[in-house]
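File shown here: structure_24.cif, holding mmCIF, C-alpha atoms and all ligand atoms; chains and numbers go by the auth columns.
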```
data_run
#
loop_
_atom_site.group_PDB
_atom_site.id
_atom_site.type_symbol
_atom_site.label_atom_id
_atom_site.label_comp_id
_atom_site.label_asym_id
_atom_site.label_seq_id
_atom_site.Cartn_x
_atom_site.Cartn_y
_atom_site.Cartn_z
_atom_site.B_iso_or_equiv
_atom_site.auth_seq_id
_atom_site.auth_asym_id
ATOM 1 C CA MET A 1 36.292 -54.097 -35.295 0.00 1 A
ATOM 2 C CA ALA A 2 32.755 -52.712 -35.737 0.00 2 A
ATOM 3 C CA LEU A 3 32.740 -50.855 -39.018 0.00 3 A
ATOM 4 C CA GLU A 4 29.847 -49.121 -40.652 0.00 4 A
ATOM 5 C CA TYR A 5 28.993 -50.134 -44.228 0.00 5 A
ATOM 6 C CA ARG A 6 27.062 -47.409 -46.034 0.00 6 A
ATOM 7 C CA PHE A 7 26.662 -45.356 -49.192 0.00 7 A
ATOM 8 C CA ALA A 8 29.443 -42.812 -49.768 0.00 8 A
ATOM 9 C CA THR A 9 28.734 -39.129 -49.380 0.00 9 A
ATOM 10 C CA GLU A 10 30.556 -36.337 -51.154 0.00 10 A
ATOM 11 C CA ALA A 11 32.496 -35.728 -47.922 0.00 11 A
ATOM 12 C CA ASP A 12 34.078 -39.201 -48.324 0.00 12 A
ATOM 13 C CA LEU A 13 35.490 -38.569 -51.798 0.00 13 A
ATOM 14 C CA GLU A 14 38.813 -37.119 -50.626 0.00 14 A
ATOM 15 C CA GLN A 15 39.574 -40.164 -48.459 0.00 15 A
ATOM 16 C CA ILE A 16 38.397 -42.546 -51.179 0.00 16 A
ATOM 17 C CA PHE A 17 40.732 -40.818 -53.620 0.00 17 A
ATOM 18 C CA GLU A 18 43.646 -41.042 -51.168 0.00 18 A
ATOM 19 C CA ILE A 19 43.114 -44.782 -50.642 0.00 19 A
ATOM 20 C CA GLU A 20 42.939 -45.306 -54.409 0.00 20 A
ATOM 21 C CA GLN A 21 46.195 -43.331 -54.882 0.00 21 A
ATOM 22 C CA SER A 22 48.018 -45.275 -52.199 0.00 22 A
ATOM 23 C CA VAL A 23 46.880 -48.757 -53.246 0.00 23 A
ATOM 24 C CA MET A 24 46.258 -48.918 -56.999 0.00 24 A
ATOM 25 C CA PRO A 25 49.081 -48.933 -59.585 0.00 25 A
ATOM 26 C CA CYS A 26 46.914 -46.987 -62.084 0.00 26 A
ATOM 27 C CA PRO A 27 44.650 -45.000 -59.816 0.00 27 A
ATOM 28 C CA TRP A 28 41.436 -43.309 -60.871 0.00 28 A
ATOM 29 C CA SER A 29 41.501 -39.527 -61.066 0.00 29 A
ATOM 30 C CA MET A 30 39.391 -37.394 -58.744 0.00 30 A
ATOM 31 C CA LYS A 31 37.324 -36.509 -61.814 0.00 31 A
ATOM 32 C CA SER A 32 36.497 -40.200 -62.340 0.00 32 A
ATOM 33 C CA PHE A 33 35.284 -40.478 -58.750 0.00 33 A
ATOM 34 C CA GLN A 34 33.270 -37.286 -59.043 0.00 34 A
ATOM 35 C CA GLU A 35 31.664 -38.600 -62.220 0.00 35 A
ATOM 36 C CA ALA A 36 30.884 -41.906 -60.519 0.00 36 A
ATOM 37 C CA PHE A 37 29.453 -40.047 -57.545 0.00 37 A
ATOM 38 C CA SER A 38 27.141 -37.918 -59.645 0.00 38 A
ATOM 39 C CA SER A 39 26.146 -40.640 -62.132 0.00 39 A
ATOM 40 C CA ASP A 40 22.606 -42.022 -61.962 0.00 40 A
ATOM 41 C CA TYR A 41 24.041 -45.428 -62.880 0.00 41 A
ATOM 42 C CA SER A 42 26.608 -45.871 -60.143 0.00 42 A
ATOM 43 C CA ILE A 43 26.739 -46.619 -56.463 0.00 43 A
ATOM 44 C CA ILE A 44 29.760 -46.054 -54.249 0.00 44 A
ATOM 45 C CA LEU A 45 29.811 -47.956 -50.976 0.00 45 A
ATOM 46 C CA VAL A 46 32.241 -47.495 -48.114 0.00 46 A
ATOM 47 C CA ALA A 47 33.443 -49.293 -45.015 0.00 47 A
ATOM 48 C CA ALA A 48 33.985 -46.622 -42.362 0.00 48 A
ATOM 49 C CA ASP A 49 35.479 -46.572 -38.891 0.00 49 A
ATOM 50 C CA ASP A 50 33.720 -43.456 -37.541 0.00 50 A
ATOM 51 C CA TYR A 51 34.796 -40.846 -40.086 0.00 51 A
ATOM 52 C CA ARG A 52 37.788 -42.826 -41.359 0.00 52 A
ATOM 53 C CA ILE A 53 37.176 -44.612 -44.640 0.00 53 A
ATOM 54 C CA CYS A 54 38.799 -48.079 -44.689 0.00 54 A
ATOM 55 C CA GLY A 55 37.624 -49.278 -48.088 0.00 55 A
ATOM 56 C CA PHE A 56 35.152 -48.678 -50.874 0.00 56 A
ATOM 57 C CA SER A 57 33.554 -50.192 -53.944 0.00 57 A
ATOM 58 C CA VAL A 58 32.206 -48.628 -57.126 0.00 58 A
ATOM 59 C CA LEU A 59 29.474 -50.384 -59.084 0.00 59 A
ATOM 60 C CA TYR A 60 27.957 -49.229 -62.383 0.00 60 A
ATOM 61 C CA ILE A 61 24.454 -50.575 -62.862 0.00 61 A
ATOM 62 C CA THR A 62 22.556 -51.047 -66.104 0.00 62 A
ATOM 63 C CA ALA A 63 20.116 -53.681 -64.883 0.00 63 A
ATOM 64 C CA PRO A 64 20.021 -56.583 -65.366 0.00 64 A
ATOM 65 C CA GLU A 65 23.808 -56.160 -65.660 0.00 65 A
ATOM 66 C CA ALA A 66 26.392 -54.325 -63.591 0.00 66 A
ATOM 67 C CA GLU A 67 30.135 -53.689 -63.785 0.00 67 A
ATOM 68 C CA LEU A 68 32.369 -53.604 -60.716 0.00 68 A
ATOM 69 C CA PRO A 69 35.306 -51.433 -61.828 0.00 69 A
ATOM 70 C CA ASP A 70 36.836 -50.738 -58.420 0.00 70 A
ATOM 71 C CA ILE A 71 36.960 -52.294 -54.957 0.00 71 A
ATOM 72 C CA VAL A 72 39.789 -51.277 -52.665 0.00 72 A
ATOM 73 C CA VAL A 73 40.686 -51.669 -49.006 0.00 73 A
ATOM 74 C CA SER A 74 43.236 -49.342 -47.461 0.00 74 A
ATOM 75 C CA LYS A 75 46.593 -51.136 -46.925 0.00 75 A
ATOM 76 C CA GLU A 76 46.493 -51.082 -43.139 0.00 76 A
ATOM 77 C CA TYR A 77 43.003 -52.623 -43.099 0.00 77 A
ATOM 78 C CA GLN A 78 43.602 -55.400 -45.633 0.00 78 A
ATOM 79 C CA GLY A 79 43.297 -59.041 -44.610 0.00 79 A
ATOM 80 C CA GLN A 80 40.657 -58.385 -41.929 0.00 80 A
ATOM 81 C CA GLY A 81 37.517 -59.361 -43.806 0.00 81 A
ATOM 82 C CA ILE A 82 36.610 -55.852 -44.996 0.00 82 A
ATOM 83 C CA GLY A 83 36.915 -56.633 -48.709 0.00 83 A
ATOM 84 C CA ARG A 84 34.641 -59.651 -48.249 0.00 84 A
ATOM 85 C CA ALA A 85 32.057 -57.614 -46.315 0.00 85 A
ATOM 86 C CA LEU A 86 32.177 -54.787 -48.881 0.00 86 A
ATOM 87 C CA LEU A 87 31.688 -57.194 -51.762 0.00 87 A
ATOM 88 C CA GLU A 88 28.778 -58.862 -49.956 0.00 88 A
ATOM 89 C CA TYR A 89 27.173 -55.455 -49.408 0.00 89 A
ATOM 90 C CA THR A 90 27.825 -54.479 -53.034 0.00 90 A
ATOM 91 C CA ILE A 91 26.223 -57.665 -54.355 0.00 91 A
ATOM 92 C CA SER A 92 23.196 -57.259 -52.100 0.00 92 A
ATOM 93 C CA GLU A 93 22.708 -53.634 -53.235 0.00 93 A
ATOM 94 C CA ALA A 94 23.051 -54.791 -56.843 0.00 94 A
ATOM 95 C CA LYS A 95 20.406 -57.465 -56.318 0.00 95 A
ATOM 96 C CA ALA A 96 18.108 -54.886 -54.731 0.00 96 A
ATOM 97 C CA LYS A 97 18.433 -52.915 -57.968 0.00 97 A
ATOM 98 C CA LYS A 98 17.441 -55.928 -60.099 0.00 98 A
ATOM 99 C CA VAL A 99 20.963 -56.827 -61.187 0.00 99 A
ATOM 100 C CA GLU A 100 21.284 -60.433 -62.314 0.00 100 A
ATOM 101 C CA THR A 101 24.878 -60.500 -63.573 0.00 101 A
ATOM 102 C CA ILE A 102 27.982 -58.663 -62.366 0.00 102 A
ATOM 103 C CA PHE A 103 31.074 -58.338 -64.583 0.00 103 A
ATOM 104 C CA LEU A 104 34.592 -57.299 -63.652 0.00 104 A
ATOM 105 C CA GLU A 105 38.218 -57.402 -64.796 0.00 105 A
ATOM 106 C CA VAL A 106 41.190 -58.264 -62.633 0.00 106 A
ATOM 107 C CA ARG A 107 44.946 -58.357 -63.192 0.00 107 A
ATOM 108 C CA VAL A 108 46.266 -61.857 -63.774 0.00 108 A
ATOM 109 C CA SER A 109 48.817 -61.342 -60.968 0.00 109 A
ATOM 110 C CA ASN A 110 46.320 -59.980 -58.410 0.00 110 A
ATOM 111 C CA ALA A 111 46.084 -63.046 -56.163 0.00 111 A
ATOM 112 C CA PRO A 112 44.196 -61.379 -53.271 0.00 112 A
ATOM 113 C CA ALA A 113 41.449 -60.016 -55.527 0.00 113 A
ATOM 114 C CA ARG A 114 41.217 -63.236 -57.526 0.00 114 A
ATOM 115 C CA GLY A 115 40.956 -65.201 -54.275 0.00 115 A
ATOM 116 C CA LEU A 116 38.153 -62.915 -53.140 0.00 116 A
ATOM 117 C CA TYR A 117 36.224 -63.164 -56.422 0.00 117 A
ATOM 118 C CA ASP A 118 36.695 -66.934 -56.641 0.00 118 A
ATOM 119 C CA SER A 119 35.298 -67.337 -53.145 0.00 119 A
ATOM 120 C CA PHE A 120 32.102 -65.531 -54.200 0.00 120 A
ATOM 121 C CA GLY A 121 31.716 -67.773 -57.248 0.00 121 A
ATOM 122 C CA PHE A 122 32.845 -65.335 -59.962 0.00 122 A
ATOM 123 C CA GLU A 123 33.640 -67.359 -63.097 0.00 123 A
ATOM 124 C CA GLU A 124 36.344 -66.629 -65.636 0.00 124 A
ATOM 125 C CA ILE A 125 34.818 -65.804 -68.997 0.00 125 A
ATOM 126 C CA GLY A 126 37.853 -64.630 -70.943 0.00 126 A
ATOM 127 C CA THR A 127 40.969 -62.522 -70.985 0.00 127 A
ATOM 128 C CA ARG A 128 41.850 -59.089 -72.345 0.00 128 A
ATOM 129 C CA LYS A 129 45.385 -58.934 -73.620 0.00 129 A
ATOM 130 C CA TYR A 130 47.556 -56.039 -72.362 0.00 130 A
ATOM 131 C CA PHE A 131 44.497 -54.482 -70.714 0.00 131 A
ATOM 132 C CA TYR A 132 46.429 -52.825 -67.880 0.00 132 A
ATOM 133 C CA SER A 133 49.398 -50.480 -67.824 0.00 133 A
ATOM 134 C CA ASN A 134 52.021 -49.820 -65.109 0.00 134 A
ATOM 135 C CA PRO A 135 52.918 -52.649 -65.554 0.00 135 A
ATOM 136 C CA VAL A 136 51.349 -53.851 -68.782 0.00 136 A
ATOM 137 C CA GLU A 137 49.375 -56.966 -67.969 0.00 137 A
ATOM 138 C CA ASP A 138 46.444 -59.061 -69.178 0.00 138 A
ATOM 139 C CA ALA A 139 43.064 -58.888 -67.491 0.00 139 A
ATOM 140 C CA ILE A 140 40.913 -61.831 -66.565 0.00 140 A
ATOM 141 C CA CYS A 141 37.233 -61.084 -67.240 0.00 141 A
ATOM 142 C CA MET A 142 34.834 -62.561 -64.709 0.00 142 A
ATOM 143 C CA ARG A 143 31.102 -62.790 -64.219 0.00 143 A
ATOM 144 C CA LEU A 144 28.863 -63.596 -61.298 0.00 144 A
ATOM 145 C CA ASP A 145 25.280 -64.777 -61.350 0.00 145 A
ATOM 146 C CA ALA A 146 24.103 -62.399 -58.614 0.00 146 A
ATOM 147 C CA ILE A 147 20.722 -64.086 -58.188 0.00 147 A
ATOM 148 C CA GLU A 148 22.337 -67.309 -57.044 0.00 148 A
ATOM 149 C CA THR A 149 24.737 -65.507 -54.679 0.00 149 A
ATOM 150 C CA LEU A 150 24.156 -64.658 -50.971 0.00 150 A
HETATM 151 C C1 LIG B . 41.331 -57.360 -52.993 0.00 1 B
HETATM 152 C C2 LIG B . 41.034 -56.634 -51.684 0.00 1 B
HETATM 153 C C3 LIG B . 39.878 -55.643 -51.909 0.00 1 B
HETATM 154 C C4 LIG B . 40.592 -57.690 -50.634 0.00 1 B
HETATM 155 O O1 LIG B . 40.228 -56.991 -49.447 0.00 1 B
HETATM 156 P P1 LIG B . 40.662 -57.523 -48.003 0.00 1 B
HETATM 157 O O2 LIG B . 39.887 -56.772 -46.990 0.00 1 B
HETATM 158 O O3 LIG B . 42.138 -57.495 -47.902 0.00 1 B
HETATM 159 O O4 LIG B . 40.181 -59.046 -48.086 0.00 1 B
HETATM 160 P P2 LIG B . 39.513 -59.936 -46.938 0.00 1 B
HETATM 161 O O5 LIG B . 40.316 -59.853 -45.699 0.00 1 B
HETATM 162 O O6 LIG B . 38.065 -59.592 -46.841 0.00 1 B
HETATM 163 O O7 LIG B . 39.671 -61.391 -47.554 0.00 1 B
HETATM 164 C C5 LIG B . 38.658 -61.918 -48.396 0.00 1 B
HETATM 165 C C6 LIG B . 39.229 -62.992 -49.279 0.00 1 B
HETATM 166 O O8 LIG B . 40.123 -62.421 -50.244 0.00 1 B
HETATM 167 C C7 LIG B . 41.164 -63.351 -50.524 0.00 1 B
HETATM 168 N N1 LIG B . 42.436 -62.778 -50.094 0.00 1 B
HETATM 169 C C8 LIG B . 42.623 -61.670 -49.333 0.00 1 B
HETATM 170 N N2 LIG B . 43.941 -61.425 -49.199 0.00 1 B
HETATM 171 C C9 LIG B . 44.578 -62.395 -49.898 0.00 1 B
HETATM 172 C C10 LIG B . 45.931 -62.674 -50.171 0.00 1 B
HETATM 173 N N3 LIG B . 46.922 -61.902 -49.684 0.00 1 B
HETATM 174 N N4 LIG B . 46.229 -63.737 -50.957 0.00 1 B
HETATM 175 C C11 LIG B . 45.253 -64.512 -51.484 0.00 1 B
HETATM 176 N N5 LIG B . 43.931 -64.277 -51.264 0.00 1 B
HETATM 177 C C12 LIG B . 43.617 -63.256 -50.478 0.00 1 B
HETATM 178 C C13 LIG B . 40.838 -64.609 -49.745 0.00 1 B
HETATM 179 O O9 LIG B . 40.010 -65.416 -50.552 0.00 1 B
HETATM 180 C C14 LIG B . 40.046 -64.033 -48.589 0.00 1 B
HETATM 181 O O10 LIG B . 39.200 -64.971 -48.002 0.00 1 B
HETATM 182 P P3 LIG B . 39.696 -65.795 -46.695 0.00 1 B
HETATM 183 O O11 LIG B . 40.111 -64.779 -45.683 0.00 1 B
HETATM 184 O O12 LIG B . 38.487 -66.554 -46.309 0.00 1 B
HETATM 185 O O13 LIG B . 40.835 -66.631 -47.155 0.00 1 B
HETATM 186 C C15 LIG B . 42.294 -55.916 -51.130 0.00 1 B
HETATM 187 O O14 LIG B . 43.350 -56.834 -51.076 0.00 1 B
HETATM 188 C C16 LIG B . 42.724 -54.725 -51.944 0.00 1 B
HETATM 189 O O15 LIG B . 42.261 -53.604 -51.724 0.00 1 B
HETATM 190 N N6 LIG B . 43.645 -54.941 -52.895 0.00 1 B
HETATM 191 C C17 LIG B . 44.171 -53.842 -53.721 0.00 1 B
HETATM 192 C C18 LIG B . 43.107 -53.268 -54.623 0.00 1 B
HETATM 193 C C19 LIG B . 42.675 -54.266 -55.655 0.00 1 B
HETATM 194 O O16 LIG B . 43.497 -54.969 -56.239 0.00 1 B
HETATM 195 N N7 LIG B . 41.352 -54.316 -55.881 0.00 1 B
HETATM 196 C C20 LIG B . 40.768 -55.214 -56.851 0.00 1 B
HETATM 197 C C21 LIG B . 40.833 -54.629 -58.211 0.00 1 B
HETATM 198 S S1 LIG B . 40.216 -55.775 -59.435 0.00 1 B
#
```
Let me see the structure of the file written as structure tokens.
Ligand SMILES: CC(C)(COP(=O)(O)OP(=O)(O)OC[C@H]1O[C@@H](n2cnc3c(N)ncnc32)[C@H](O)[C@@H]1OP(=O)(O)O)[C@@H](O)C(=O)NCCC(=O)NCCS
Amino acid sequence: MALEYRFATEADLEQIFEIEQSVMPCPWSMKSFQEAFSSDYSIILVAADDYRICGFSVLYITAPEAELPDIVVSKEYQGQGIGRALLEYTISEAKAKKVETIFLEVRVSNAPARGLYDSFGFEEIGTRKYFYSNPVEDAICMRLDAIETL
């Protein structure tokens, strides 16, 4: 499947929001996406099949550090390499903006995401007790040395 990987436009926000709602147990509000979209510190990247958004990532950048608070692939497109390609694109955009270290949190039980992060070399640096709700769960905090990646 030949997808396009590009920066999100405002026209993508509705589909991004719908994917978030359908996949995440504690989804971001539309306001959170609008804030991310208009922030000078964030980038939102999408994987798109023509005008259909299949997945997206949100990265907040305060170089030399960045935080990856959200990366999601629509259910029907999961397991086809899109998450990997999106994360690769996200890391390369981060590096282009002088990011050296990327941080993130992930649910302890989220095996697909943990598998993805592990395969990129993200290291566990700690846990945050009861970080998530619905259900309440600990977060694993991870970091990646972006310079040594890709
Ligand atoms: C995590 C997520 C973005 C991965 O996207 P994806 O397109 O399904 O993943 P890919 O097909 O690119 O797979 C990349 C790697 O992820 C891991 N992975 C993907 N699905 C997995 C699964 N069901 N179990 C274990 N590992 C899995 C593997 O390491 C895989 O590499 P491999 O194919 O070489 O084994 C996707 O599952 C998703 O949107 N999950 C819900 C949202 C979410 O939890 N986001 C992360 C928040 S911290």
Would you translate the PyMOL selection byres (((not hetatm)) within 8 of (chain B and resi 1)) into the concrete set of residues it matches in this file, as a PyMOL selection string?
-> chain A and resi 20+23-24+55+69-75+77-86+104-107+110-119
Which residue gives the smallest distance to Tyr5 (chain A) among A:Ile53, A:Met30, A:Val108, A:Ala63, with all atoms listed in the file counted?
->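 For Tyr5 (chain A), the nearest of the given residues is A:Ile53.
Among the candidates A:Asp50, A:Leu68, A:Cys26, A:Lys97, the one nearest to Val136 (chain A) when counting all atoms listed in the file is A:Cys26.
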Taking into account all atoms listed in the file, which residue in the set A:Glu10, A:Glu67, A:Trp28, A:Ser92 is nearest to Cys141 (chain A)?
-> A:Glu67
Using all atoms listed in the file, which of the listed residues (A:Ser22, A:Thr127, A:Gln34, A:Thr101) sits closest to Pro64 (chain A)?
->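 Smallest distance to Pro64 (chain A) is found for A:Thr101.
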Selected residue of minimal separation from Glu18 (chain A) among A:Leu87, A:Cys54, A:Ile102, A:Met142, counting all atoms listed in the file |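 The shortest atom-to-atom distance to Glu18 (chain A) comes from A:Cys54.
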